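Q: See target-v8.txt below, with compact mmCIF, C-alpha atoms and all ligand atoms.
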```
# COMPACT_ATOMS: atom_id res chain seq x y z
CA MET A 1 108.97 121.44 177.95
CA LYS A 2 107.06 120.80 174.73
CA GLU A 3 107.62 124.36 173.58
CA CYS A 4 111.29 124.07 174.34
CA ASN A 5 111.55 120.88 172.30
CA THR A 6 109.70 122.50 169.41
CA SER A 7 111.93 125.52 169.17
CA ARG A 8 114.96 123.27 169.60
CA ARG A 9 113.66 121.13 166.73
CA ASN A 10 113.19 124.20 164.57
CA PHE A 11 116.73 125.29 165.37
CA LEU A 12 118.06 121.85 164.51
CA ARG A 13 116.03 121.77 161.32
CA ASN A 14 117.59 125.02 160.23
CA LEU A 15 121.01 123.63 160.98
CA SER A 16 120.31 120.53 159.00
CA TYR A 17 119.81 122.41 155.73
CA GLY A 18 123.52 122.17 155.12
CA ILE A 19 123.80 118.48 155.88
CA GLY A 20 126.37 116.56 154.00
CA GLY A 21 127.84 119.70 152.48
CA LEU A 22 125.16 119.75 149.81
CA ALA A 23 124.66 123.24 148.49
CA ILE A 24 120.96 123.34 149.21
CA SER A 25 119.98 126.94 149.24
CA ASP A 26 117.20 128.19 151.39
CA PHE A 27 116.70 130.83 148.75
CA PHE A 28 116.28 128.50 145.79
CA THR A 29 112.71 129.12 144.78
CA PHE A 30 110.23 127.52 142.44
CA PRO A 31 107.10 128.86 140.82
CA VAL A 32 104.01 127.78 142.70
CA ASN A 33 100.49 127.59 141.35
CA ALA A 34 98.23 130.21 142.83
CA SER A 35 95.91 127.40 143.92
CA GLU A 36 98.70 125.69 145.93
CA ALA A 37 99.66 128.93 147.69
CA GLY A 38 96.06 129.70 148.61
CA LYS A 39 95.01 126.27 149.87
CA LYS A 40 94.91 125.61 153.58
CA LYS A 41 95.84 121.94 153.16
CA LEU A 42 97.51 120.53 150.07
CA GLY A 43 96.16 117.31 148.56
CA ILE A 44 98.45 114.28 148.50
CA ALA A 45 97.91 111.23 146.29
CA LEU A 46 99.59 108.01 147.43
CA VAL A 47 100.83 105.82 144.58
CA GLY A 48 101.03 102.20 145.73
CA LEU A 49 98.86 101.09 148.64
CA GLY A 50 101.07 98.44 150.21
CA ASN A 51 102.26 98.08 153.79
CA TYR A 52 103.97 101.44 154.17
CA SER A 53 101.10 103.44 152.68
CA SER A 54 98.41 101.59 154.58
CA GLY A 55 100.28 101.12 157.88
CA GLN A 56 102.10 104.45 158.17
CA LEU A 57 101.45 107.13 155.57
CA ALA A 58 97.64 107.08 155.37
CA PRO A 59 97.29 107.10 159.19
CA ALA A 60 99.89 109.88 159.42
CA LEU A 61 97.91 111.91 156.89
CA GLN A 62 95.05 111.96 159.41
CA GLU A 63 97.35 113.95 161.72
CA THR A 64 98.96 116.37 159.28
CA LYS A 65 98.19 120.08 159.44
CA HIS A 66 99.29 121.23 156.00
CA CYS A 67 98.29 118.33 153.75
CA TYR A 68 95.69 115.57 153.59
CA LEU A 69 95.05 112.30 151.79
CA ALA A 70 93.19 113.50 148.70
CA GLY A 71 93.79 110.69 146.22
CA ILE A 72 95.10 107.21 145.53
CA VAL A 73 96.78 105.44 142.63
CA THR A 74 96.55 101.68 142.73
CA GLY A 75 96.98 98.68 140.48
CA THR A 76 94.56 96.66 142.60
CA PRO A 77 90.90 97.54 141.80
CA GLU A 78 89.59 95.94 145.04
CA LYS A 79 91.53 98.50 147.07
CA GLU A 80 89.74 101.45 145.44
CA LYS A 81 86.41 101.01 147.30
CA ILE A 82 88.04 100.07 150.60
CA TRP A 83 90.30 103.14 150.62
CA ALA A 84 87.56 105.44 149.27
CA SER A 85 85.22 104.60 152.11
CA LYS A 86 87.89 104.42 154.83
CA TYR A 87 89.47 107.77 153.94
CA ASP A 88 86.59 109.55 152.25
CA ILE A 89 88.29 109.79 148.87
CA VAL A 90 86.12 111.02 146.01
CA GLU A 91 85.95 108.96 142.83
CA ARG A 92 87.56 111.60 140.61
CA ASN A 93 90.74 111.31 142.75
CA ILE A 94 91.18 107.56 142.24
CA TYR A 95 93.60 106.42 139.52
CA ASN A 96 95.26 103.26 138.33
CA TYR A 97 98.74 102.92 136.84
CA GLU A 98 97.43 103.30 133.28
CA ASN A 99 95.24 106.40 133.60
CA PHE A 100 97.55 108.03 136.17
CA ASP A 101 98.83 110.72 133.75
CA ALA A 102 95.32 112.24 133.64
CA ILE A 103 96.10 113.50 137.15
CA ASN A 104 97.49 116.60 135.41
CA ASN A 105 93.91 117.90 135.15
CA ASN A 106 93.13 117.35 138.79
CA SER A 107 93.51 120.44 140.97
CA ASP A 108 92.68 118.47 144.15
CA ILE A 109 96.10 116.80 143.93
CA ASP A 110 99.14 118.98 144.60
CA ILE A 111 101.65 116.33 145.64
CA VAL A 112 102.16 112.77 144.40
CA TYR A 113 103.86 110.39 146.86
CA VAL A 114 105.40 107.32 145.17
CA VAL A 115 105.40 104.30 147.51
CA LEU A 116 106.09 101.50 145.03
CA PRO A 117 108.83 98.89 144.56
CA VAL A 118 112.13 100.65 143.86
CA SER A 119 112.27 99.83 140.13
CA MET A 120 109.03 101.82 139.61
CA HIS A 121 110.17 105.03 141.37
CA HIS A 122 111.95 106.51 138.33
CA ASP A 123 109.00 106.10 135.97
CA PHE A 124 106.30 107.32 138.37
CA ILE A 125 108.25 110.31 139.67
CA ILE A 126 108.93 111.42 136.10
CA ARG A 127 105.29 110.91 135.07
CA ALA A 128 104.06 112.82 138.12
CA ALA A 129 106.45 115.74 137.57
CA ARG A 130 105.46 115.93 133.90
CA ALA A 131 101.82 115.95 135.03
CA GLY A 132 102.68 119.13 136.97
CA LYS A 133 102.72 117.62 140.46
CA HIS A 134 105.30 118.09 143.21
CA VAL A 135 106.65 114.72 144.27
CA ILE A 136 107.81 112.69 147.24
CA CYS A 137 109.69 109.49 146.44
CA GLU A 138 110.15 106.67 148.91
CA LYS A 139 113.64 105.39 149.72
CA PRO A 140 115.83 104.15 148.16
CA MET A 141 115.24 106.83 145.55
CA ALA A 142 115.89 104.58 142.54
CA LEU A 143 117.84 101.59 141.27
CA ASN A 144 121.05 103.61 140.85
CA ALA A 145 122.50 107.12 140.81
CA ARG A 146 121.95 107.57 137.06
CA GLU A 147 118.19 107.13 137.52
CA CYS A 148 118.25 109.61 140.43
CA GLU A 149 119.97 112.20 138.24
CA GLU A 150 117.30 111.79 135.56
CA MET A 151 114.52 112.18 138.12
CA ILE A 152 116.11 115.36 139.51
CA ALA A 153 116.55 116.76 136.01
CA VAL A 154 112.92 116.15 135.00
CA CYS A 155 111.62 117.72 138.22
CA LYS A 156 113.80 120.78 137.58
CA GLU A 157 112.67 121.03 133.93
CA ASN A 158 109.08 121.01 135.12
CA ASP A 159 109.72 123.36 138.07
CA ARG A 160 108.47 120.74 140.50
CA LEU A 161 109.84 120.12 143.99
CA LEU A 162 111.23 116.66 144.70
CA SER A 163 111.65 115.19 148.14
CA ILE A 164 112.63 111.75 149.50
CA GLY A 165 110.74 109.94 152.27
CA TYR A 166 113.61 110.38 154.74
CA ARG A 167 111.44 110.59 157.86
CA LEU A 168 114.38 110.53 160.31
CA HIS A 169 115.40 114.06 159.39
CA PHE A 170 112.26 115.04 161.32
CA GLU A 171 112.96 112.86 164.35
CA PRO A 172 114.41 114.68 167.40
CA HIS A 173 116.98 112.04 168.48
CA ASN A 174 118.38 111.84 164.97
CA GLN A 175 118.35 115.64 164.76
CA GLU A 176 120.35 115.67 167.98
CA MET A 177 122.96 113.36 166.40
CA MET A 178 123.23 115.89 163.54
CA ARG A 179 123.72 118.75 166.01
CA LEU A 180 126.23 116.97 168.24
CA GLY A 181 128.27 115.76 165.27
CA GLN A 182 128.10 118.71 162.92
CA LYS A 183 128.58 121.31 165.67
CA GLN A 184 131.40 119.19 167.14
CA ILE A 185 129.89 119.47 170.62
CA PHE A 186 132.11 116.57 171.75
CA GLY A 187 135.01 117.64 169.54
CA LYS A 188 135.91 116.33 166.13
CA VAL A 189 134.06 113.15 165.24
CA LEU A 190 136.58 110.40 164.53
CA SER A 191 134.31 107.48 163.69
CA VAL A 192 130.68 106.51 163.24
CA ASP A 193 129.45 102.95 163.61
CA ALA A 194 126.06 102.43 162.00
CA ALA A 195 124.04 99.29 161.36
CA ASN A 196 120.51 98.43 160.34
CA GLY A 197 119.09 94.99 159.70
CA PHE A 198 116.33 92.53 160.46
CA VAL A 199 115.62 88.86 159.90
CA TYR A 200 113.51 88.63 156.73
CA ARG A 201 110.56 86.29 157.31
CA GLY A 202 108.33 87.54 154.50
CA ASP A 203 107.23 86.03 151.20
CA PRO A 204 110.23 84.49 149.37
CA LYS A 205 108.66 85.74 146.11
CA ALA A 206 108.22 89.33 147.28
CA TRP A 207 109.69 92.23 145.27
CA ARG A 208 112.29 92.93 147.97
CA LEU A 209 114.10 89.68 147.06
CA ASN A 210 113.76 90.23 143.30
CA LYS A 211 116.78 92.17 142.07
CA SER A 212 115.12 93.69 139.02
CA LEU A 213 112.36 95.17 141.23
CA SER A 214 114.42 96.08 144.30
CA GLY A 215 117.90 96.77 142.92
CA GLY A 216 119.39 94.88 145.87
CA GLY A 217 118.65 93.46 149.30
CA GLY A 218 119.44 94.57 152.84
CA LEU A 219 121.84 97.26 151.66
CA MET A 220 119.25 99.11 149.53
CA ASP A 221 116.41 98.65 152.01
CA MET A 222 118.07 98.93 155.43
CA GLY A 223 121.69 99.93 154.91
CA ILE A 224 120.63 103.22 153.37
CA TYR A 225 119.67 104.45 156.87
CA ALA A 226 123.10 103.60 158.27
CA ILE A 227 124.79 105.41 155.36
CA GLN A 228 122.56 108.45 155.92
CA GLY A 229 123.22 108.31 159.66
CA ALA A 230 126.97 108.51 159.11
CA ARG A 231 126.55 111.35 156.59
CA TYR A 232 124.30 113.45 158.78
CA THR A 233 126.25 112.85 161.97
CA LEU A 234 129.47 113.95 160.28
CA GLY A 235 127.95 116.59 157.98
CA GLU A 236 130.29 115.68 155.16
CA GLU A 237 130.29 113.38 152.15
CA PRO A 238 132.29 110.14 151.99
CA THR A 239 134.80 109.83 149.17
CA PHE A 240 135.90 106.16 149.26
CA VAL A 241 134.41 102.86 150.38
CA THR A 242 135.58 99.28 150.88
CA ALA A 243 132.90 96.60 151.27
CA ARG A 244 132.44 92.87 151.69
CA GLU A 245 129.43 90.58 151.73
CA GLN A 246 128.41 87.56 153.78
CA LYS A 247 125.73 85.14 152.62
CA THR A 248 124.42 82.19 154.63
CA ASN A 249 121.03 81.61 153.01
CA HIS A 250 121.88 81.23 149.33
CA GLU A 251 118.40 80.03 148.40
CA LEU A 252 116.36 82.90 149.89
CA PHE A 253 118.89 85.58 148.95
CA LYS A 254 119.92 84.16 145.60
CA GLU A 255 119.29 87.46 143.78
CA VAL A 256 120.02 90.06 146.46
CA ASP A 257 122.56 90.80 149.16
CA GLU A 258 121.95 89.34 152.61
CA THR A 259 124.57 90.96 154.89
CA VAL A 260 126.98 93.68 153.77
CA PHE A 261 129.83 95.35 155.71
CA TRP A 262 131.42 98.57 154.56
CA GLU A 263 133.97 101.15 155.64
CA LEU A 264 133.42 104.73 154.45
CA GLU A 265 136.26 107.26 154.34
CA PHE A 266 135.51 110.96 154.76
CA PRO A 267 137.67 113.95 153.73
CA SER A 268 138.17 114.99 157.40
CA GLY A 269 139.81 111.63 158.08
CA ALA A 270 136.72 110.28 159.87
CA ARG A 271 135.64 106.73 159.05
CA SER A 272 132.33 104.95 159.27
CA SER A 273 131.89 101.22 159.70
CA GLY A 274 128.49 100.16 158.43
CA GLN A 275 126.48 96.99 158.26
CA SER A 276 123.16 96.01 156.72
CA SER A 277 121.32 92.72 156.80
CA TYR A 278 118.18 90.81 155.88
CA ASN A 279 119.29 88.05 158.23
CA ALA A 280 120.33 89.69 161.52
CA ASN A 281 118.76 92.19 163.89
CA PHE A 282 120.64 95.40 164.65
CA ASN A 283 119.70 99.05 164.67
CA TYR A 284 122.18 101.66 165.93
CA LEU A 285 124.12 104.85 165.16
CA LYS A 286 127.19 105.51 167.35
CA ALA A 287 129.68 108.35 167.11
CA GLN A 288 133.08 108.58 168.77
CA ALA A 289 134.55 112.08 169.01
CA THR A 290 137.80 113.42 170.50
CA GLY A 291 135.98 114.55 173.66
CA GLY A 292 133.31 111.91 174.14
CA SER A 293 130.76 109.75 172.43
CA PHE A 294 127.05 109.85 171.57
CA GLU A 295 124.73 107.24 170.17
CA LEU A 296 121.25 106.09 169.29
CA THR A 297 119.93 102.61 169.77
CA SER A 298 116.79 101.66 167.87
CA ALA A 299 118.05 104.54 165.79
CA TYR A 300 115.91 104.14 162.67
CA ARG A 301 112.54 102.83 163.87
CA TYR A 302 109.18 104.60 163.61
CA SER A 303 109.15 104.99 167.40
CA GLY A 304 111.01 103.86 170.52
CA ILE A 305 114.22 105.65 169.52
CA GLU A 306 116.64 106.09 172.40
CA GLY A 307 119.89 107.98 172.68
CA ARG A 308 122.60 108.92 175.13
CA SER A 309 125.95 110.62 175.32
CA SER A 310 129.07 110.14 177.43
CA LYS A 311 128.46 113.45 179.20
CA GLY A 312 124.74 114.09 179.23
CA GLY A 313 123.21 110.68 179.98
CA ASP A 314 119.98 109.80 178.17
CA MET A 315 118.58 112.09 175.50
CA ALA A 316 115.17 113.34 176.66
CA PHE A 317 113.20 113.89 173.47
CA SER A 318 109.62 112.93 172.87
CA GLN A 319 108.61 110.40 170.23
CA VAL A 320 107.00 112.08 167.25
CA ASN A 321 104.95 111.04 164.24
CA GLN A 322 107.88 111.13 161.82
CA GLN A 323 105.82 110.66 158.68
CA ALA A 324 103.34 113.39 159.60
CA LEU A 325 106.16 115.86 160.26
CA GLN A 326 107.93 114.84 157.06
CA MET A 327 104.83 115.32 154.87
CA ASP A 328 103.82 118.56 156.59
CA ASP A 329 107.31 119.92 156.07
CA PHE A 330 107.13 119.15 152.35
CA ALA A 331 103.67 120.71 152.08
CA LEU A 332 105.10 123.89 153.63
CA CYS A 333 108.04 123.73 151.20
CA VAL A 334 105.55 123.63 148.32
CA LYS A 335 103.50 126.49 149.78
CA ASN A 336 106.59 128.61 150.43
CA ASN A 337 108.54 127.73 147.25
CA LYS A 338 111.36 126.21 149.26
CA GLN A 339 113.66 123.30 148.53
CA SER A 340 113.09 120.37 150.93
CA ARG A 341 115.93 119.49 153.30
CA VAL A 342 115.41 115.88 152.14
CA SER A 343 115.75 116.78 148.48
CA GLY A 344 116.41 114.58 145.49
CA GLU A 345 120.10 115.48 145.87
CA GLU A 346 120.08 113.79 149.30
CA GLY A 347 118.61 110.66 147.74
CA LEU A 348 121.17 110.82 144.93
CA MET A 349 124.08 111.03 147.37
CA ASP A 350 122.98 107.87 149.16
CA MET A 351 122.63 106.08 145.82
CA LYS A 352 126.16 107.14 144.84
CA VAL A 353 127.43 105.54 148.04
CA ILE A 354 125.36 102.40 147.46
CA ASP A 355 126.54 102.15 143.84
CA ALA A 356 130.15 102.36 145.06
CA ILE A 357 129.51 99.69 147.72
CA TYR A 358 128.17 97.33 145.03
CA ARG A 359 131.19 98.13 142.85
CA SER A 360 133.48 97.30 145.77
CA LEU A 361 131.64 94.01 146.39
CA SER A 362 132.26 92.94 142.80
CA SER A 363 135.82 94.28 142.46
CA GLY A 364 136.92 93.31 145.97
CA LYS A 365 138.71 96.68 146.08
CA ARG A 366 138.44 100.12 147.63
CA GLU A 367 136.22 102.20 145.35
CA GLN A 368 135.83 105.92 144.86
CA ILE A 369 132.35 107.35 145.44
CA ILE A 370 131.54 109.30 142.29
P1 LIG B 401 104.71 96.59 149.76
O1 LIG B 401 105.19 95.37 149.07
O2 LIG B 401 103.97 96.44 151.03
O3 LIG B 401 103.81 97.46 148.76
C1 LIG B 401 104.17 97.65 147.43
C2 LIG B 401 103.00 98.18 146.64
O4 LIG B 401 103.38 98.28 145.27
C3 LIG B 401 101.77 97.28 146.71
O5 LIG B 401 100.62 98.08 146.80
C4 LIG B 401 101.79 96.55 145.37
O6 LIG B 401 100.51 96.19 144.93
C5 LIG B 401 102.41 97.61 144.47
N1 LIG B 401 103.06 97.05 143.28
C6 LIG B 401 102.93 97.52 142.04
N2 LIG B 401 103.63 96.80 141.16
C7 LIG B 401 104.23 95.83 141.86
C8 LIG B 401 105.10 94.76 141.52
N3 LIG B 401 105.51 94.56 140.25
N4 LIG B 401 105.52 93.95 142.50
C9 LIG B 401 105.15 94.16 143.77
N5 LIG B 401 104.34 95.17 144.17
C10 LIG B 401 103.88 95.99 143.22
O7 LIG B 401 106.01 97.52 149.96
P2 LIG B 401 106.20 98.68 151.01
O8 LIG B 401 106.82 98.12 152.23
O9 LIG B 401 104.97 99.46 151.14
O10 LIG B 401 107.36 99.54 150.29
C11 LIG B 401 107.06 100.44 149.23
C12 LIG B 401 108.14 101.52 149.19
O11 LIG B 401 108.18 102.19 150.45
C13 LIG B 401 109.57 101.00 148.98
O12 LIG B 401 110.31 101.93 148.27
C14 LIG B 401 110.11 100.89 150.40
O13 LIG B 401 111.52 100.94 150.48
C15 LIG B 401 109.47 102.11 151.03
N6 LIG B 401 109.35 102.00 152.48
C16 LIG B 401 109.80 103.03 153.22
C17 LIG B 401 109.72 102.97 154.59
C18 LIG B 401 110.20 104.13 155.41
O14 LIG B 401 110.31 103.99 156.62
N7 LIG B 401 110.47 105.27 154.80
C19 LIG B 401 109.19 101.85 155.22
C20 LIG B 401 108.70 100.81 154.42
C21 LIG B 401 108.80 100.89 153.05
```
What's the structure tokens form of this structure?
A:
Amino acid sequence: MKECNTSRRNFLRNLSYGIGGLAISDFFTFPVNASEAGKKKLGIALVGLGNYSSGQLAPALQETKHCYLAGIVTGTPEKEKIWASKYDIVERNIYNYENFDAINNNSDIDIVYVVLPVSMHHDFIIRAARAGKHVICEKPMALNARECEEMIAVCKENDRLLSIGYRLHFEPHNQEMMRLGQKQIFGKVLSVDAANGFVYRGDPKAWRLNKSLSGGGGLMDMGIYAIQGARYTLGEEPTFVTAREQKTNHELFKEVDETVFWELEFPSGARSSGQSSYNANFNYLKAQATGGSFELTSAYRYSGIEGRSSKGGDMAFSQVNQQALQMDDFALCVKNNKQSRVSGEEGLMDMKVIDAIYRSLSSGKREQII
């Protein structure tokens, strides 16, 4: 059963290279340092040791086969000792935000993974690529599409691979949505309903509610998954969007969006209704096709994802360590000179959609996604 799931996953992974119509070539190669090619496990340095790094990525790096936690970059000196002893990180692999560029001399570090507030992604990805490191950038990729384009360009100039922390591309239920939709197993997909939100109960002063640090609220943080879900279920890129916003807590969400609704239009005629929120709980991805329907509930979580279809009943896939699979896949991309399926171009496409949604919120009109 496990073997069957694995080969099915590999098959689905191969299918997913063409997701969203992006011309990602399997044959697009990059020069690789001899040391990277020869290493058994590549060294990853996490930049930013907040909740996601400490709660998900560092533990996942204890399970990876092709990479390991080799270094850290932190602005908080107290974290250095704690992380060094917990994860056995040698002193020469510990950096702060100021001396970070000296990482270019460090052959222990092959990949830099930026896990900082969104406004810092652009700067740190560019610094890491210029320091000769391959890079993973957390979502959303940057504050806007223009920044994403600059990041992609600098990585290309420096022959470095760039990948986005889109863990769900490595999750079997989500991969099944890609297969069912893109292969039109239930016929042509007519519509996708996708929503992701939670009730924000965190620090009112946190970066997520500060527009200059986050770029936006629930849409940037949560809605991006619903946009991606629609794109990878349909396997095509939306061209127009119409959006509206609802705000009930004007004090807490004075700088960023609380709840946003949008309608995406795709070239095939398919439409996707989406919703994001920092003030309501929902988490689903539902597709309606000419010959049936298929859906995920708890679609975007780290675990506990469930799915079903109108014909096949419940989807029977195991839960996986999404982050471990995602990082291992990128390590293999680096070793094999291969573009990641969750490339910078994937991150850019989501930012183009988000930019257009924000334009529609301010114009009150249907906007082209450009
Ligand atoms: P967090 O607030 O827990 O951690 C942020 C880190 O950045 C902290 O270590 C903090 O010290 C550091 N930092 C540096 N400068 C800062 C500043 N000016 N203001 C605030 N913090 C600053 O955030 P997080 O939840 O770990 O999120 C980090 C990134 O990871 C974001 O891009 C987020 O969207 C992404 N993320 C992704 C997932 C996923 O499932 N892929 C899940 C959670 C977070």
Q: Give as a PyMOL selection string every residue, naming chains and numbers as the document does, that has an atom within 10 Å of (117.9, 112.3, 149.5), counting only C-alpha atoms.
A: chain A and resi 137-141+148+162-166+228+340-351
Q: Could the residues that lie within 7 Å of ligand LIG 401 (chain B), counting only C-alpha atoms and all ligand atoms, be listed as a count of residues only?
A: 23
Q: Excluding segment 243-256 of chain A and residues on its chain fewer than 2 positions from it, collect all residues at most 9 Å away from it, counting all atoms listed in the file, and give them as an MDAnalysis selection string.
A: chainID A and resid 204 208:212 214:218 241 258:264 278:279 356:362 364:367
Q: What's around Asn93 of chain A at 7 Å? Count only C-alpha atoms, leave out sequence neighbours fewer than 5 positions away in its own chain, and write the answer as a PyMOL selection string.
A: chain A and resi 70-72
Q: Quick one: of A:Ala131, A:Ala195, A:Ala84, A:Met327, who's nearest to Tyr300 of chain A, counting only C-alpha atoms?
A: A:Ala195
Q: Just how far from atom CA of Ala331 of chain A is atom CA of Leu42 of chain A, in Å to one decimal?
A: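 Atom-to-atom, atom CA of Leu42 of chain A to atom CA of Ala331 of chain A, that is 6.5 Å.
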Q: Find, counting all atoms listed in the file, the residue in A:Leu285, A:Val192, A:Met120, A:Ile370 that gets nearest to Phe240 of chain A.
A: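 When distances to Phe240 of chain A are compared using all atoms listed in the file, the smallest one comes from A:Ile370.
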Q: So how far away is atom CA of Ile224 of chain A from atom CA of Asp355 of chain A, in Å?
A: 11.3 Å
Q: Edge lengths and centre in Å to one decimal, as lines of an AutoDock Vina configuration file, is what I'm after for the box along x, y and z that holds all listed atoms of segment 249-252 of chain A once 5 Å is added on each side.
A:
```
center_x = 119.1
center_y = 81.5
center_z = 150.7
size_x = 15.5
size_y = 12.9
size_z = 14.6
```
Q: Counting all atoms listed in the file, which residue out of A:Met177, A:Ala289, A:Met222, A:Leu69 sits closest to Gly235 of chain A?
A: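 Among A:Met177, A:Ala289, A:Met222, A:Leu69, it is A:Met177 that comes nearest to Gly235 of chain A.
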Q: Val320 of chain A: which residues within 7 Å, counting only C-alpha atoms, same-chain residues fewer than 2 positions away excluded, as a PyMOL selection string?
A: chain A and resi 171+318+322
Q: So, with all atoms listed in the file as the atoms that count, which of A:Pro77, A:Gly292, A:Gly269, A:Gly229 lies closest to His173 of chain A?
A: A:Gly229
Q: Tell me, in Å to one decimal, how far atom CA of Glu150 of chain A is from atom CA of Lys338 of chain A.
A: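 Interatomic distance here is 20.8 Å.
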Q: For each of A:Tyr302, A:Phe100, A:Tyr68, A:Phe294, take the minimum atom-to-atom distance to Gly55 of chain A, counting only C-alpha atoms, then give the residue where this is smallest.
A: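 Answer, going by the shortest atom-to-atom distance: A:Tyr302.
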